[in-house]
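Scroll down for the structure; my scribbles are underneath it.
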Amino acid sequence: MRQILGGRKSFSGLKPEILLKSLPFLLFIYTCHNLFLSQYSIFRVFELERASQEVQKQINQYRAENDKKEQLLELVKEHPEHFKEKFAREYMQMQREGEFILILKD
């Protein structure tokens, strides 16, 4: 029956010392591969961490801008007439009757 299998060998001929010595080496190789060559290598983890920090900075900037705009909205709700007049003067370049505006250029 062994001759029919045609050269297949079993691991029964290996000494236990060889297996015990090769296991740490294989584990070391596997660990090195995961740390440096795999899809989630240590370099990729650092890159993702840096990208996450940049995104967090942008989020904080947008939140600060949003807070400023919410404060401005509250001011507009409290004093609508003041901001209507300010808008008319600055953007529509309107003036009151009898008022003269002097434009100075640099």
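In the structure tokens, the first chain shown is A, the next is B, and so on; residue numbers restart at 1 for each chain, and ligands run from 1 in the order shown.
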Self-check item: Every residue of chain A that DSSP places in alpha helix (DSSP H), as a ChimeraX atom specification
Solution: /A:2-5,16-36,42-78,80-90
Emit the selected residues as a PDB file, in the first residue's frame, including C-alpha atoms.
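This is the output file part-v5.pdb:
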```
ATOM      1  CA  ARG A   2       2.868   2.387   0.671  1.00  0.00           C
ATOM      2  CA  GLN A   3       4.208   1.932  -2.801  1.00  0.00           C
ATOM      3  CA  ILE A   4       0.885   2.923  -4.324  1.00  0.00           C
ATOM      4  CA  LEU A   5       0.955   6.346  -2.609  1.00  0.00           C
ATOM      5  CA  PRO A  16      10.344  16.520  18.329  1.00  0.00           C
ATOM      6  CA  GLU A  17      13.439  18.677  18.867  1.00  0.00           C
ATOM      7  CA  ILE A  18      13.298  19.897  15.281  1.00  0.00           C
ATOM      8  CA  LEU A  19       9.649  20.872  15.639  1.00  0.00           C
ATOM      9  CA  LEU A  20      10.319  22.692  18.902  1.00  0.00           C
ATOM     10  CA  LYS A  21      13.221  24.607  17.357  1.00  0.00           C
ATOM     11  CA  SER A  22      11.422  25.494  14.143  1.00  0.00           C
ATOM     12  CA  LEU A  23       8.179  26.722  15.772  1.00  0.00           C
ATOM     13  CA  PRO A  24       9.695  29.913  17.312  1.00  0.00           C
ATOM     14  CA  PHE A  25      11.471  30.650  14.046  1.00  0.00           C
ATOM     15  CA  LEU A  26       8.236  30.294  12.079  1.00  0.00           C
ATOM     16  CA  LEU A  27       6.405  32.454  14.603  1.00  0.00           C
ATOM     17  CA  PHE A  28       9.115  35.112  14.269  1.00  0.00           C
ATOM     18  CA  ILE A  29       8.841  35.056  10.468  1.00  0.00           C
ATOM     19  CA  TYR A  30       5.047  35.280  10.659  1.00  0.00           C
ATOM     20  CA  THR A  31       5.219  38.191  13.117  1.00  0.00           C
ATOM     21  CA  CYS A  32       7.714  40.074  10.947  1.00  0.00           C
ATOM     22  CA  HIS A  33       5.508  39.546   7.916  1.00  0.00           C
ATOM     23  CA  ASN A  34       2.469  40.918   9.754  1.00  0.00           C
ATOM     24  CA  LEU A  35       4.375  43.912  11.110  1.00  0.00           C
ATOM     25  CA  PHE A  36       6.015  45.049   7.895  1.00  0.00           C
ATOM     26  CA  ILE A  42       2.752  49.142  11.263  1.00  0.00           C
ATOM     27  CA  PHE A  43       3.450  51.740   8.557  1.00  0.00           C
ATOM     28  CA  ARG A  44      -0.173  51.673   7.432  1.00  0.00           C
ATOM     29  CA  VAL A  45      -1.354  52.050  11.023  1.00  0.00           C
ATOM     30  CA  PHE A  46       0.814  55.162  11.484  1.00  0.00           C
ATOM     31  CA  GLU A  47      -0.432  56.561   8.168  1.00  0.00           C
ATOM     32  CA  LEU A  48      -4.055  56.027   9.202  1.00  0.00           C
ATOM     33  CA  GLU A  49      -3.393  57.629  12.585  1.00  0.00           C
ATOM     34  CA  ARG A  50      -1.880  60.715  10.930  1.00  0.00           C
ATOM     35  CA  ALA A  51      -4.818  60.969   8.520  1.00  0.00           C
ATOM     36  CA  SER A  52      -7.217  60.638  11.443  1.00  0.00           C
ATOM     37  CA  GLN A  53      -5.525  63.533  13.246  1.00  0.00           C
ATOM     38  CA  GLU A  54      -5.793  65.739  10.147  1.00  0.00           C
ATOM     39  CA  VAL A  55      -9.484  64.933   9.779  1.00  0.00           C
ATOM     40  CA  GLN A  56     -10.009  65.696  13.469  1.00  0.00           C
ATOM     41  CA  LYS A  57      -8.345  69.107  12.998  1.00  0.00           C
ATOM     42  CA  GLN A  58     -10.683  69.871  10.092  1.00  0.00           C
ATOM     43  CA  ILE A  59     -13.690  68.808  12.162  1.00  0.00           C
ATOM     44  CA  ASN A  60     -12.607  71.139  14.964  1.00  0.00           C
ATOM     45  CA  GLN A  61     -12.205  74.032  12.497  1.00  0.00           C
ATOM     46  CA  TYR A  62     -15.676  73.448  11.052  1.00  0.00           C
ATOM     47  CA  ARG A  63     -17.161  73.270  14.543  1.00  0.00           C
ATOM     48  CA  ALA A  64     -15.519  76.598  15.464  1.00  0.00           C
ATOM     49  CA  GLU A  65     -16.876  78.209  12.264  1.00  0.00           C
ATOM     50  CA  ASN A  66     -20.294  76.758  12.975  1.00  0.00           C
ATOM     51  CA  ASP A  67     -20.258  78.156  16.524  1.00  0.00           C
ATOM     52  CA  LYS A  68     -19.388  81.636  15.212  1.00  0.00           C
ATOM     53  CA  LYS A  69     -22.216  81.485  12.690  1.00  0.00           C
ATOM     54  CA  GLU A  70     -24.675  80.309  15.346  1.00  0.00           C
ATOM     55  CA  GLN A  71     -23.676  83.266  17.536  1.00  0.00           C
ATOM     56  CA  LEU A  72     -24.201  85.628  14.605  1.00  0.00           C
ATOM     57  CA  LEU A  73     -27.602  84.063  13.952  1.00  0.00           C
ATOM     58  CA  GLU A  74     -28.576  84.652  17.580  1.00  0.00           C
ATOM     59  CA  LEU A  75     -27.516  88.306  17.249  1.00  0.00           C
ATOM     60  CA  VAL A  76     -29.592  88.671  14.079  1.00  0.00           C
ATOM     61  CA  LYS A  77     -32.609  87.199  15.861  1.00  0.00           C
ATOM     62  CA  GLU A  78     -32.140  89.579  18.815  1.00  0.00           C
ATOM     63  CA  PRO A  80     -33.108  92.226  13.272  1.00  0.00           C
ATOM     64  CA  GLU A  81     -33.532  95.933  12.426  1.00  0.00           C
ATOM     65  CA  HIS A  82     -29.850  96.674  13.013  1.00  0.00           C
ATOM     66  CA  PHE A  83     -28.737  93.912  10.667  1.00  0.00           C
ATOM     67  CA  LYS A  84     -31.310  94.836   8.016  1.00  0.00           C
ATOM     68  CA  GLU A  85     -29.918  98.350   7.962  1.00  0.00           C
ATOM     69  CA  LYS A  86     -26.350  97.088   7.960  1.00  0.00           C
ATOM     70  CA  PHE A  87     -27.114  94.786   5.023  1.00  0.00           C
ATOM     71  CA  ALA A  88     -28.814  97.574   3.070  1.00  0.00           C
ATOM     72  CA  ARG A  89     -25.912  99.965   3.630  1.00  0.00           C
ATOM     73  CA  GLU A  90     -23.019  97.580   2.972  1.00  0.00           C
TER      74      GLU A  90
END
```
